[in-house]
file run07.cif (mmCIF, C-alpha atoms)
data_input
#
loop_
_atom_site.label_atom_id
_atom_site.label_comp_id
_atom_site.auth_asym_id
_atom_site.auth_seq_id
_atom_site.Cartn_x
_atom_site.Cartn_y
_atom_site.Cartn_z
CA MET M 538 138.56 39.89 105.84
CA ALA M 539 138.93 42.40 108.63
CA LEU M 540 139.57 45.99 107.68
CA LYS M 541 143.11 47.10 108.45
CA ARG M 542 142.05 50.78 108.90
CA PRO M 543 138.66 50.70 110.61
CA LEU M 544 138.69 54.34 111.83
CA PRO M 545 139.20 55.96 108.42
CA ALA M 546 136.61 53.61 106.97
CA LEU M 547 134.16 54.54 109.70
CA MET M 548 134.81 58.23 109.17
CA GLY M 549 134.32 57.80 105.47
CA GLY M 550 130.96 56.13 106.11
CA VAL M 551 129.89 58.96 108.40
CA SER M 552 130.95 61.55 105.84
CA LEU M 553 129.01 59.75 103.13
CA SER M 554 125.95 59.61 105.38
CA VAL M 555 126.22 63.33 106.10
CA LEU M 556 126.59 64.13 102.42
CA VAL M 557 123.57 61.99 101.56
CA SER M 558 121.54 63.73 104.26
CA LEU M 559 122.64 67.15 103.10
CA GLY M 560 121.87 66.19 99.54
CA ALA M 561 118.40 65.04 100.52
CA LEU M 562 117.83 68.24 102.47
CA ALA M 563 119.04 70.37 99.57
CA HIS M 564 116.86 68.40 97.16
CA ARG M 565 113.84 69.00 99.36
CA HIS M 566 114.54 72.73 99.60
CA LEU M 567 115.33 73.15 95.92
CA ARG M 568 112.19 71.38 94.73
CA THR M 569 109.46 73.90 94.06
CA ASP M 570 106.69 71.57 92.87
CA ALA M 571 104.53 72.36 95.89
CA LEU M 572 105.16 76.11 95.54
CA GLU M 573 104.27 75.88 91.86
CA GLU M 574 101.02 74.03 92.54
CA ARG M 575 100.11 76.46 95.28
CA LEU M 576 100.87 79.49 93.10
CA LEU M 577 98.71 78.23 90.22
CA ARG M 578 95.88 77.47 92.63
CA GLU M 579 96.05 80.96 94.15
CA VAL M 580 96.25 82.65 90.75
CA ASN M 581 93.09 80.81 89.69
CA THR M 582 91.29 81.64 92.93
CA LEU M 583 92.15 85.34 92.84
CA ALA M 584 91.43 85.66 89.12
CA HIS M 585 87.84 84.53 89.77
CA ALA M 586 87.39 86.07 93.22
CA GLU M 587 84.27 88.05 93.98
CA HIS M 588 84.33 91.13 96.18
CA PRO M 589 81.02 91.55 97.99
CA ARG M 590 80.76 94.61 100.19
CA PRO M 591 77.91 96.59 101.76
CA ALA M 592 76.61 98.99 99.11
CA HIS M 593 76.27 102.56 100.34
CA LEU M 594 73.00 102.99 98.41
CA THR M 595 69.86 100.89 98.68
CA ALA M 596 69.03 101.36 94.98
CA THR M 597 72.03 99.59 93.48
CA ARG M 598 72.74 98.83 89.83
CA PRO M 599 73.27 95.20 88.74
CA GLY M 600 76.77 93.86 88.32
CA THR M 601 80.13 94.84 89.76
CA PHE M 602 82.04 98.08 90.00
CA GLY M 603 84.47 96.64 87.45
CA ASP M 604 81.65 95.96 84.99
CA ALA M 605 80.47 99.55 85.27
CA MET M 606 84.00 100.93 84.97
CA ALA M 607 85.15 98.91 81.95
CA PRO M 608 83.53 101.13 79.27
CA LEU M 609 84.88 104.27 80.99
CA LEU M 610 88.56 103.25 80.92
CA PRO M 611 89.37 104.54 77.39
CA ALA M 612 87.98 107.98 78.25
CA LEU M 613 89.92 108.02 81.53
CA LEU M 614 93.16 107.15 79.75
CA GLN M 615 92.50 109.79 77.09
CA ARG M 616 91.90 112.46 79.72
CA ALA M 617 95.07 111.44 81.56
CA ARG M 618 97.10 111.84 78.35
CA GLU M 619 95.61 115.27 77.68
CA THR M 620 96.02 116.62 81.22
CA PRO M 621 99.36 118.33 81.89
CA PRO M 622 100.90 117.66 85.31
CA SER M 623 100.33 120.30 87.97
CA THR M 624 103.18 122.45 89.19
CA GLY M 625 104.09 122.39 92.86
CA ALA M 626 102.39 125.73 93.48
CA GLU M 627 99.21 124.61 91.68
CA ALA M 628 99.07 121.41 93.72
CA GLN M 629 99.45 123.37 96.97
CA THR M 630 96.66 125.77 95.98
CA LEU M 631 94.39 122.87 95.00
CA GLU M 632 94.96 121.17 98.35
CA ALA M 633 94.35 124.39 100.31
CA VAL M 634 91.09 125.06 98.47
CA THR M 635 89.87 121.46 98.76
CA GLU M 636 90.53 121.38 102.50
CA GLY M 637 88.83 124.75 103.04
CA ARG M 638 91.94 126.70 103.99
CA ALA M 639 91.54 128.96 100.92
CA PRO M 640 88.48 130.11 98.94
CA VAL M 641 87.51 128.43 95.68
CA THR M 642 88.21 131.72 93.91
CA ASP M 643 91.93 131.18 94.58
CA LEU M 644 92.00 128.43 91.96
CA PRO M 645 93.29 129.38 88.49
CA ALA M 646 90.55 129.75 85.91
CA SER M 647 92.14 127.02 83.81
CA ARG M 648 91.79 124.51 86.67
CA LEU M 649 88.12 125.35 87.15
CA GLU M 650 87.50 125.06 83.41
CA ALA M 651 89.18 121.65 83.37
CA LEU M 652 87.04 120.60 86.34
CA GLU M 653 83.86 121.61 84.49
CA ARG M 654 84.90 119.76 81.32
CA GLY M 655 85.67 116.64 83.28
CA LEU M 656 82.57 116.58 85.50
CA PRO M 657 80.45 114.35 83.23
CA LEU M 658 83.13 111.65 83.26
CA THR M 659 83.74 112.17 86.99
CA HIS M 660 80.05 111.66 87.70
CA GLN M 661 80.03 108.49 85.58
CA VAL M 662 82.92 107.05 87.59
CA LEU M 663 81.23 107.97 90.87
CA ALA M 664 77.98 106.38 89.66
CA ALA M 665 79.88 103.13 89.06
CA THR M 666 80.22 102.83 92.86
CA HIS M 667 76.43 102.25 92.98
CA ALA M 668 77.01 98.70 91.68
CA GLU M 669 75.66 95.90 93.85
CA SER M 670 79.11 94.31 94.21
CA GLY M 671 82.74 95.39 94.25
CA GLY M 672 85.66 94.25 92.15
CA LEU M 673 88.03 96.18 89.93
CA PRO M 674 88.34 96.05 86.15
CA GLU M 675 90.99 93.54 85.08
CA ASP M 676 93.42 96.27 84.03
CA LEU M 677 93.57 97.55 87.62
CA ARG M 678 94.24 94.22 89.35
CA PRO M 679 97.74 93.14 90.39
CA LEU M 680 97.28 89.93 88.37
CA SER M 681 96.51 91.80 85.14
CA GLY M 682 100.03 91.09 83.88
CA PRO M 683 103.68 92.01 84.19
CA GLU M 684 103.31 95.09 81.95
CA LEU M 685 102.43 97.86 84.40
CA SER M 686 102.35 100.95 82.19
CA ARG M 687 98.59 100.76 81.47
CA ARG M 688 97.79 100.12 85.12
CA ASP M 689 99.97 103.06 86.16
CA ALA M 690 98.17 105.32 83.67
CA LEU M 691 94.76 104.27 85.00
CA ILE M 692 95.88 104.84 88.58
CA HIS M 693 96.98 108.36 87.64
CA ALA M 694 93.60 108.94 85.96
CA LEU M 695 91.67 107.75 89.02
CA ARG M 696 93.72 109.98 91.32
CA ARG M 697 92.53 112.89 89.16
CA VAL M 698 88.91 111.71 89.48
CA VAL M 699 89.20 111.69 93.29
CA GLU M 700 90.82 115.15 93.25
CA ASP M 701 88.07 116.55 91.03
CA ALA M 702 85.29 114.96 93.09
CA ALA M 703 86.71 116.32 96.34
CA LEU M 704 87.09 119.75 94.77
CA GLN M 705 83.52 119.62 93.46
CA THR M 706 82.36 118.74 96.99
CA ARG M 707 84.10 121.87 98.27
CA ARG M 708 82.51 124.03 95.54
CA LEU M 709 79.02 122.74 96.39
CA VAL M 710 79.57 123.45 100.10
CA ALA M 711 80.73 126.97 99.28
CA ARG M 712 77.63 127.52 97.14
CA GLY M 713 75.37 126.44 99.99
CA GLU M 714 74.36 123.18 98.26
CA ALA M 715 75.33 120.98 101.18
CA ASP M 716 73.04 118.01 100.48
CA ALA M 717 74.36 117.72 96.93
CA ALA M 718 77.89 118.02 98.32
CA VAL M 719 77.20 115.07 100.64
CA ASP M 720 76.00 113.00 97.67
CA THR M 721 79.26 113.71 95.86
CA CYS M 722 81.53 113.19 98.84
CA VAL M 723 79.96 109.88 99.88
CA ASP M 724 80.38 108.58 96.33
CA THR M 725 84.00 109.77 96.42
CA LEU M 726 84.64 107.84 99.63
CA ALA M 727 82.91 104.84 98.03
CA LEU M 728 85.27 105.11 95.05
CA SER M 729 88.22 105.16 97.43
CA ARG M 730 86.92 102.00 99.10
CA GLU M 731 86.39 100.25 95.74
CA LEU M 732 90.03 100.79 94.82
CA ALA M 733 91.09 98.66 97.80
CA LEU M 734 88.91 95.70 96.74
CA GLY M 735 91.24 93.56 94.66
CA GLY M 736 93.83 96.22 93.94
CA GLY M 737 96.71 94.92 96.03
CA LEU M 738 99.06 97.34 97.77
CA VAL M 739 98.66 99.97 95.06
CA GLY M 740 94.90 99.88 95.54
CA LEU M 741 95.28 100.14 99.30
CA ARG M 742 97.52 103.21 98.98
CA LEU M 743 95.15 104.78 96.47
CA SER M 744 92.24 104.10 98.80
CA ALA M 745 93.97 105.74 101.75
CA ALA M 746 94.97 108.73 99.61
CA GLY M 747 91.36 109.11 98.48
CA TYR M 748 90.13 109.36 102.06
CA ALA M 749 92.90 111.83 102.84
CA ARG M 750 91.83 114.06 99.94
CA ALA M 751 88.07 113.86 100.45
CA TRP M 752 87.47 113.78 104.18
CA ARG M 753 87.80 117.50 105.02
CA PRO M 754 85.35 118.72 102.35
CA CYS M 755 83.15 115.75 103.25
CA ALA M 756 83.17 116.74 106.92
CA ASP M 757 82.14 120.30 106.09
CA ALA M 758 79.40 119.05 103.75
CA LEU M 759 78.03 116.71 106.41
CA ASP M 760 78.13 119.44 109.04
CA ALA M 761 76.15 121.82 106.82
CA ALA M 762 73.67 119.27 105.39
CA SER M 763 70.00 118.99 106.27
CA LEU M 764 68.99 116.75 109.17
CA THR M 765 67.36 114.29 106.78
CA ARG M 766 70.54 113.98 104.72
CA LYS M 767 72.63 113.63 107.88
CA ARG M 768 70.52 110.68 109.03
CA GLN M 769 70.95 108.98 105.66
CA ALA M 770 74.67 109.62 105.76
CA VAL M 771 75.15 107.83 109.10
CA SER M 772 74.14 104.49 107.61
CA GLN M 773 75.97 105.16 104.34
CA LEU M 774 79.26 105.97 106.07
CA THR M 775 78.87 102.97 108.36
CA ARG M 776 78.41 100.62 105.40
CA LEU M 777 81.46 102.10 103.71
CA HIS M 778 83.50 101.59 106.88
CA GLU M 779 82.35 97.98 107.23
CA GLY M 780 83.35 97.24 103.65
CA PHE M 781 87.10 97.80 103.96
CA PRO M 782 88.82 94.55 102.96
CA PRO M 783 91.13 92.83 105.44
CA VAL M 784 94.77 93.80 104.99
CA SER M 785 95.71 90.13 104.66
CA LEU M 786 93.65 89.87 101.46
CA THR M 787 95.41 92.90 100.01
CA LEU M 788 98.84 91.49 100.80
CA HIS M 789 97.87 88.06 99.49
CA GLU M 790 96.94 89.59 96.13
CA GLU M 791 100.22 91.46 96.04
CA SER M 792 102.16 88.37 97.11
CA VAL M 793 100.81 86.22 94.30
CA ALA M 794 101.44 88.87 91.64
CA ALA M 795 104.96 89.51 92.94
CA GLN M 796 105.79 85.79 92.87
CA LEU M 797 104.72 85.65 89.23
CA ARG M 798 106.92 88.59 88.34
CA ALA M 799 109.95 87.26 90.22
CA PHE M 800 109.77 83.50 89.73
CA ARG M 801 107.58 82.56 86.78
CA ASP M 802 110.66 81.60 84.73
CA LEU M 803 111.21 78.80 87.28
CA LEU M 804 107.81 77.25 86.55
CA SER M 805 107.46 74.13 84.44
CA ASP M 806 106.21 74.48 80.87
CA ASP M 807 102.84 73.01 81.85
CA ALA M 808 102.50 75.44 84.73
CA ARG M 809 103.36 78.45 82.59
CA ALA M 810 100.87 77.34 79.96
CA ALA M 811 98.18 77.34 82.67
CA LEU M 812 98.80 81.03 83.47
CA PRO M 813 96.81 83.86 81.90
CA PRO M 814 98.32 84.68 78.46
CA THR M 815 99.82 87.97 79.67
CA TRP M 816 102.00 86.03 82.12
CA PHE M 817 103.11 83.18 79.88
CA ASP M 818 106.40 84.49 78.49
CA ALA M 819 109.23 84.85 80.98
CA PRO M 820 112.90 85.06 80.06
CA GLY M 821 115.15 82.81 82.10
CA GLN M 822 117.31 84.43 84.75
CA PRO M 823 120.67 83.28 86.14
CA GLY M 824 121.09 81.63 89.51
CA ALA M 825 118.12 79.27 89.31
CA LEU M 826 119.22 77.19 92.32
CA SER M 827 119.63 80.13 94.69
CA ARG M 828 116.42 81.71 93.38
CA ARG M 829 114.48 78.55 94.22
CA LEU M 830 115.68 78.95 97.79
CA GLN M 831 114.67 82.61 97.64
CA TRP M 832 111.21 81.64 96.49
CA ARG M 833 110.68 79.18 99.34
CA GLN M 834 112.05 81.62 101.92
CA TRP M 835 110.01 84.49 100.53
CA VAL M 836 106.74 82.52 100.66
CA GLU M 837 107.44 81.52 104.26
CA ASP M 838 108.02 85.17 105.16
CA ALA M 839 104.82 86.19 103.39
CA ASP M 840 102.78 83.55 105.22
CA ARG M 841 104.07 84.79 108.58
CA LEU M 842 103.14 88.35 107.61
CA LEU M 843 99.62 87.44 106.47
CA ALA M 844 99.01 85.70 109.79
CA VAL M 845 99.38 88.92 111.82
CA VAL M 846 98.41 91.92 109.66
CA ASP M 847 94.70 91.85 110.49
CA GLN M 848 95.32 92.37 114.21
CA PRO M 849 94.42 95.71 115.86
CA ALA M 850 96.94 98.46 115.17
CA GLU M 851 99.04 98.25 118.34
CA GLU M 852 99.13 94.44 118.36
CA ARG M 853 100.02 94.48 114.67
CA ARG M 854 102.96 96.79 115.31
CA ARG M 855 104.35 94.46 117.96
CA ALA M 856 103.83 91.40 115.78
CA LEU M 857 105.55 93.00 112.78
CA ALA M 858 108.50 94.04 114.95
CA ALA M 859 108.77 90.47 116.21
CA LEU M 860 108.80 89.16 112.65
CA GLU M 861 111.60 91.51 111.67
CA ALA M 862 113.60 90.45 114.73
CA ARG M 863 113.06 86.80 113.86
CA LYS M 864 114.29 87.35 110.31
CA ALA M 865 117.36 89.21 111.55
CA GLY M 866 118.24 86.28 113.79
CA GLU M 867 117.93 83.56 111.17
CA TYR M 868 121.15 82.14 109.75
CA PHE M 869 121.74 81.18 106.13
CA ARG M 870 119.06 83.48 104.78
CA GLN M 871 119.25 84.00 101.03
CA GLU M 872 119.36 87.45 99.55
CA GLU M 873 115.71 88.32 99.43
CA ALA M 874 113.61 88.44 96.29
CA PRO M 875 111.13 91.33 95.90
CA ALA M 876 109.06 91.01 99.04
CA VAL M 877 105.62 92.15 100.14
CA ARG M 878 105.90 94.31 103.22
CA LEU M 879 103.84 96.88 105.03
CA SER M 880 106.07 99.91 105.29
CA PRO M 881 105.67 102.38 108.18
CA GLU M 882 104.02 104.72 105.66
CA ASP M 883 101.53 102.00 104.66
CA LEU M 884 100.70 101.29 108.29
CA GLU M 885 100.11 104.97 109.02
CA ALA M 886 97.95 105.34 105.92
CA LEU M 887 95.82 102.36 106.96
CA GLU M 888 95.32 103.69 110.47
CA LEU M 889 94.52 107.18 109.22
CA ARG M 890 91.95 105.85 106.75
CA ALA M 891 90.16 103.99 109.54
CA LEU M 892 90.41 106.98 111.87
CA ARG M 893 89.06 109.41 109.28
CA SER M 894 86.20 107.07 108.48
CA GLU M 895 85.29 106.76 112.17
CA ALA M 896 85.59 110.52 112.63
CA LEU M 897 83.10 111.25 109.84
CA ILE M 898 80.59 108.81 111.33
CA ALA M 899 81.08 110.35 114.78
CA LEU M 900 80.65 113.87 113.38
CA VAL M 901 77.26 113.07 111.87
CA GLU M 902 76.04 111.15 114.91
CA VAL M 903 76.96 114.03 117.21
CA ASP M 904 75.34 116.60 114.93
CA VAL M 905 72.13 114.57 114.65
CA ALA M 906 72.00 114.07 118.43
CA ARG M 907 72.38 117.84 118.97
CA ALA M 908 69.62 118.62 116.46
CA GLU M 909 67.21 116.08 117.97
CA LYS M 910 67.83 116.70 121.68
CA GLY M 911 68.90 120.33 121.73
CA GLN M 912 72.22 119.66 123.42
CA TRP M 913 75.52 118.02 122.63
CA PRO M 914 76.03 114.45 123.82
CA ARG M 915 78.56 114.03 126.62
CA ALA M 916 80.46 111.33 124.74
CA LEU M 917 80.68 110.00 121.23
CA PRO M 918 77.81 107.67 120.28
CA THR M 919 80.24 105.72 118.09
CA ARG M 920 82.04 102.97 119.99
CA THR M 921 85.62 103.93 119.33
CA THR M 922 88.54 104.32 121.69
CA SER M 923 90.49 106.31 119.11
CA LEU M 924 88.42 109.52 119.26
CA VAL M 925 87.18 111.85 121.98
CA LEU M 926 84.52 114.57 122.05
CA GLU M 927 85.42 117.94 123.57
CA PRO M 928 83.31 121.13 123.90
CA VAL M 929 84.53 124.31 122.23
CA ASP M 930 81.67 126.66 123.13
CA GLU M 931 77.85 126.58 123.23
CA THR M 932 77.52 126.08 119.49
CA ARG M 933 80.59 123.96 118.72
CA VAL M 934 82.30 120.76 119.76
CA SER M 935 85.44 119.12 118.44
CA ILE M 936 86.32 115.53 117.66
CA ARG M 937 89.98 114.73 118.06
CA SER M 938 92.19 111.67 117.99
CA CYS M 939 93.50 110.03 121.17
CA ILE M 940 96.46 108.63 119.24
CA PRO M 941 99.50 110.93 119.45
CA GLY M 942 100.47 112.33 116.07
CA MET M 943 97.32 111.13 114.30
CA MET M 944 94.79 113.67 113.01
CA PRO M 945 96.45 116.68 114.70
CA ASP M 946 93.70 119.06 113.52
CA PRO M 947 90.35 118.05 115.09
CA LEU M 948 87.02 118.13 113.31
CA VAL M 949 84.85 120.96 114.58
CA VAL M 950 81.09 120.39 114.52
CA GLU M 951 78.74 123.37 114.33
CA ALA M 952 75.24 123.24 115.80
CA ASP M 953 72.63 123.31 113.04
CA GLY M 954 71.49 126.83 112.27
CA SER M 955 74.73 128.43 113.44
CA LEU M 956 76.99 127.41 110.54
CA LEU M 957 78.22 130.43 108.63
CA LEU M 958 79.14 129.42 105.07
CA GLN M 959 82.16 131.35 103.88
CA HIS M 960 83.06 132.33 100.34
CA VAL M 961 79.46 131.96 99.07
CA GLN M 962 79.76 135.19 97.13
CA ASP M 963 81.34 135.03 93.69
CA VAL M 964 81.84 131.28 93.87
CA PRO M 965 82.43 130.03 90.30
#
call {"tool": "encode", "arguments": {"input": "run07.cif", "output": "structure tokens"}}
result
Amino acid sequence: MALKRPLPALMGGVSLSVLVSLGALAHRHLRTDALEERLLREVNTLAHAEHPRPAHLTATRPGTFGDAMAPLLPALLQRARETPPSTGAEAQTLEAVTEGRAPVTDLPASRLEALERGLPLTHQVLAATHAESGGLPEDLRPLSGPELSRRDALIHALRRVVEDAALQTRRLVARGEADAAVDTCVDTLALSRELALGGGLVGLRLSAAGYARAWRPCADALDAASLTRKRQAVSQLTRLHEGFPPVSLTLHEESVAAQLRAFRDLLSDDARAALPPTWFDAPGQPGALSRRLQWRQWVEDADRLLAVVDQPAEERRRALAALEARKAGEYFRQEEAPAVRLSPEDLEALELRALRSEALIALVEVDVARAEKGQWPRALPTRTTSLVLEPVDETRVSIRSCIPGMMPDPLVVEADGSLLLQHVQDVP
């Protein structure tokens, strides 16, 4: 029998078809089976990842940095608990002394006594960087678990180790023990590099901060060292520079850990049982449907980010700006879950770490060239477009950054034999 109202019937069929299509689309977007499988696969891969890197010493010790560090963690935590926080004035004095803007004698006696008490443990931590391979102890990895208090305490303890090692480098320079100062400073830079190998964003920031703290005393130690030690340092610093992990690996580690923190309650029982025990329990949270959309959207954003972060600095800036513009123009975006981003501060810290590393290599190469040939080279031996060599006078040259706003104070290199060590007298 013919339909008496064909148009409404047709419209009803179209509406039903649209609803079915929308339902299928929603079902596809709300299913997270593939995200779950991918997350478990990445957790397993990162949990067992190795971190090879060029060792800065030829006589390495077997095992990984994490293996060597594991027995030292209780002592580090104990020292962190027993160390009162510095006041603002004390921190400023410590920074001025470490960077060479004030004599070591300006430090309070209590700070020097604490440095002396802690040196055996500091040297043990620095010696752990002599391991043949990198890789952090489990407690310092982003995937160690959702409870962050122990990791935060260890990070605080390692910041203190870097501070003490940089200060000890400055003391040795002031005493005229430049070769020993180079030994300490190179190990300190190695420690800063280790913290970026498997440490996620926190490790990257700690690594950059370590270079920021150590590079001025290291530069002065290298400038004052013997020619033999300078030559050794060129290859050591180069191997350290070559061992920085790609930024994409750092963000991938952070991405996986952040997904576990934000979305593990959405995983199936079987998937949660496959996680490390510290991640198994997760209380349910409201809004499961919208959070599944957040998860999918967040992973897509993270993948786009990982695809561009290893580009050179200027290209990376443009690519990141394009990503932000793309996100701003997308309709129907969900409120974002905790996301992995490179902040402007992170980008600057990354670029400064690379620049400081290159500057130290350039300093030693220039100093060695002057000692061997009797005159300063006309240009930097290091192939970098970020630094330039400029004469100061007959006995000094400076190395400065070509990037506006970066490294505003240049490194000044003294010709061997003309360096006047200051504050040698009465150095504690």
call {"tool": "closest_residue", "arguments": {"input": "run07.cif", "among": "M:Ala751, M:Arg828, M:Val925, M:Leu743", "to": "Thr721 of chain M", "atoms": "all atoms listed in the file"}}
result
M:Ala751
call {"tool": "closest_atom_pairs", "arguments": {"input": "run07.cif", "of": "segment 758-802 of chain M", "to": "segment 877-890 of chain M", "cutoff": "10 Å", "atoms": "all atoms listed in the file", "output": "Markdown table"}}
result
| residue | atom | partner | partner_atom | distance |
| --- | --- | --- | --- | --- |
| M:His778 | CA | M:Arg890 | CA | 9.5 |
| M:Phe781 | CA | M:Arg890 | CA | 9.8 |
| M:Val784 | CA | M:Leu887 | CA | 8.8 |
| M:Leu788 | CA | M:Val877 | CA | 6.8 |
| M:His789 | CA | M:Val877 | CA | 8.8 |
| M:Glu790 | CA | M:Val877 | CA | 9.9 |
| M:Glu791 | CA | M:Val877 | CA | 6.8 |
| M:Ser792 | CA | M:Val877 | CA | 6.0 |
| M:Val793 | CA | M:Val877 | CA | 9.6 |
| M:Ala795 | CA | M:Val877 | CA | 7.7 |
| M:Gln796 | CA | M:Val877 | CA | 9.7 |
call {"tool": "resolve_selection", "arguments": {"input": "run07.cif", "expression": "the PyMOL selection byres ((chain M and resi 896) around 10)", "output": "PyMOL selection string"}}
result
chain M and resi 752+756+890-895+897-902+917+919+921+923-925+936-938+944+947-948
call {"tool": "closest_residue", "arguments": {"input": "run07.cif", "among": "M:Glu675, M:Pro591, M:Lys910, M:Val641", "to": "Gly780 of chain M", "atoms": "all atoms listed in the file"}}
result
M:Pro591
call {"tool": "residues_around", "arguments": {"input": "run07.cif", "residues": "segment 622-636 of chain M", "least_positions_apart": "5", "cutoff": "10 Å", "atoms": "all atoms listed in the file", "output": "list in words"}}
result
Ala617, Val641, Thr642, Asp643, Leu644, Pro645, Arg648, Glu700, Asp701, Ala702, Ala703, Leu704, Gln705, Thr706, Arg707, Arg708, Ala749, Arg750, Ala751, Trp752, Arg753, Pro754, Cys755, Ala756 and Asp757 of chain M
call {"tool": "write_last_selection", "arguments": {"input": "run07.cif", "atoms": "C-alpha atoms", "output": "CSV table (one decimal), in the frame of the given file"}}
result
chain,number,residue,atom,x,y,z
M,617,ALA,CA,95.1,111.4,81.6
M,641,VAL,CA,87.5,128.4,95.7
M,642,THR,CA,88.2,131.7,93.9
M,643,ASP,CA,91.9,131.2,94.6
M,644,LEU,CA,92.0,128.4,92.0
M,645,PRO,CA,93.3,129.4,88.5
M,648,ARG,CA,91.8,124.5,86.7
M,700,GLU,CA,90.8,115.2,93.2
M,701,ASP,CA,88.1,116.6,91.0
M,702,ALA,CA,85.3,115.0,93.1
M,703,ALA,CA,86.7,116.3,96.3
M,704,LEU,CA,87.1,119.8,94.8
M,705,GLN,CA,83.5,119.6,93.5
M,706,THR,CA,82.4,118.7,97.0
M,707,ARG,CA,84.1,121.9,98.3
M,708,ARG,CA,82.5,124.0,95.5
M,749,ALA,CA,92.9,111.8,102.8
M,750,ARG,CA,91.8,114.1,99.9
M,751,ALA,CA,88.1,113.9,100.4
M,752,TRP,CA,87.5,113.8,104.2
M,753,ARG,CA,87.8,117.5,105.0
M,754,PRO,CA,85.4,118.7,102.4
M,755,CYS,CA,83.2,115.8,103.2
M,756,ALA,CA,83.2,116.7,106.9
M,757,ASP,CA,82.1,120.3,106.1
call {"tool": "resolve_selection", "arguments": {"input": "run07.cif", "expression": "the PyMOL selection byres ((chain M and resi 758-765) around 6)", "output": "PyMOL selection string"}}
result
chain M and resi 710+715-716+718-719+755-757+766-768
call {"tool": "resolve_selection", "arguments": {"input": "run07.cif", "expression": "the PyMOL selection byres ((chain M and resi 777) around 8)", "output": "VMD selection string"}}
result
chain M and resid 591 to 593 726 to 727 730 773 to 776 778 to 781
call {"tool": "residues_around", "arguments": {"input": "run07.cif", "residues": "Pro914 of chain M", "least_positions_apart": "3", "cutoff": "10 Å", "atoms": "only C-alpha atoms", "output": "list in words"}}
result
Glu902, Val903, Asp904, Val905, Ala906, Arg907, Lys910, Gly911, Leu917, Pro918, Leu926, Pro928 and Val934 of chain M
call {"tool": "residues_around", "arguments": {"input": "run07.cif", "residues": "Arg575 of chain M", "least_positions_apart": "4", "cutoff": "12 Å", "atoms": "only C-alpha atoms", "output": "ChimeraX atom specification"}}
result
/M:569-571,579-582,793,796-797,804,808,833,836
call {"tool": "atom_distance", "arguments": {"input": "run07.cif", "atom1": "atom CA of Phe602 of chain M", "atom2": "atom CA of Pro683 of chain M"}}
result
23.2 Å
call {"tool": "closest_residue", "arguments": {"input": "run07.cif", "among": "M:Thr620, M:Ser772, M:Thr601, M:Gln834", "to": "Ala586 of chain M", "atoms": "only C-alpha atoms"}}
result
M:Thr601
call {"tool": "atom_distance", "arguments": {"input": "run07.cif", "atom1": "atom CA of Leu649 of chain M", "atom2": "atom CA of Thr725 of chain M"}}
result
18.6 Å
call {"tool": "decode", "arguments": {"input": "run07.cif", "residues": "segment 741-752 of chain M", "atoms": "C-alpha atoms", "output": "short mmCIF file (atom, residue, chain, number, x, y, z; two decimals), in the first residue's frame"}}
result
data_model
loop_
_atom_site.label_atom_id
_atom_site.label_comp_id
_atom_site.auth_asym_id
_atom_site.auth_seq_id
_atom_site.Cartn_x
_atom_site.Cartn_y
_atom_site.Cartn_z
CA LEU M 741 65.12 17.57 31.60
CA ARG M 742 64.59 20.61 33.83
CA LEU M 743 66.99 19.23 36.42
CA SER M 744 69.56 18.59 33.71
CA ALA M 745 69.31 22.14 32.37
CA ALA M 746 69.53 23.56 35.90
CA GLY M 747 72.65 21.48 36.53
CA TYR M 748 74.41 22.96 33.51
CA ALA M 749 73.32 26.43 34.58
CA ARG M 750 74.84 25.93 38.03
CA ALA M 751 78.08 24.25 36.97
CA TRP M 752 79.15 25.88 33.74
#
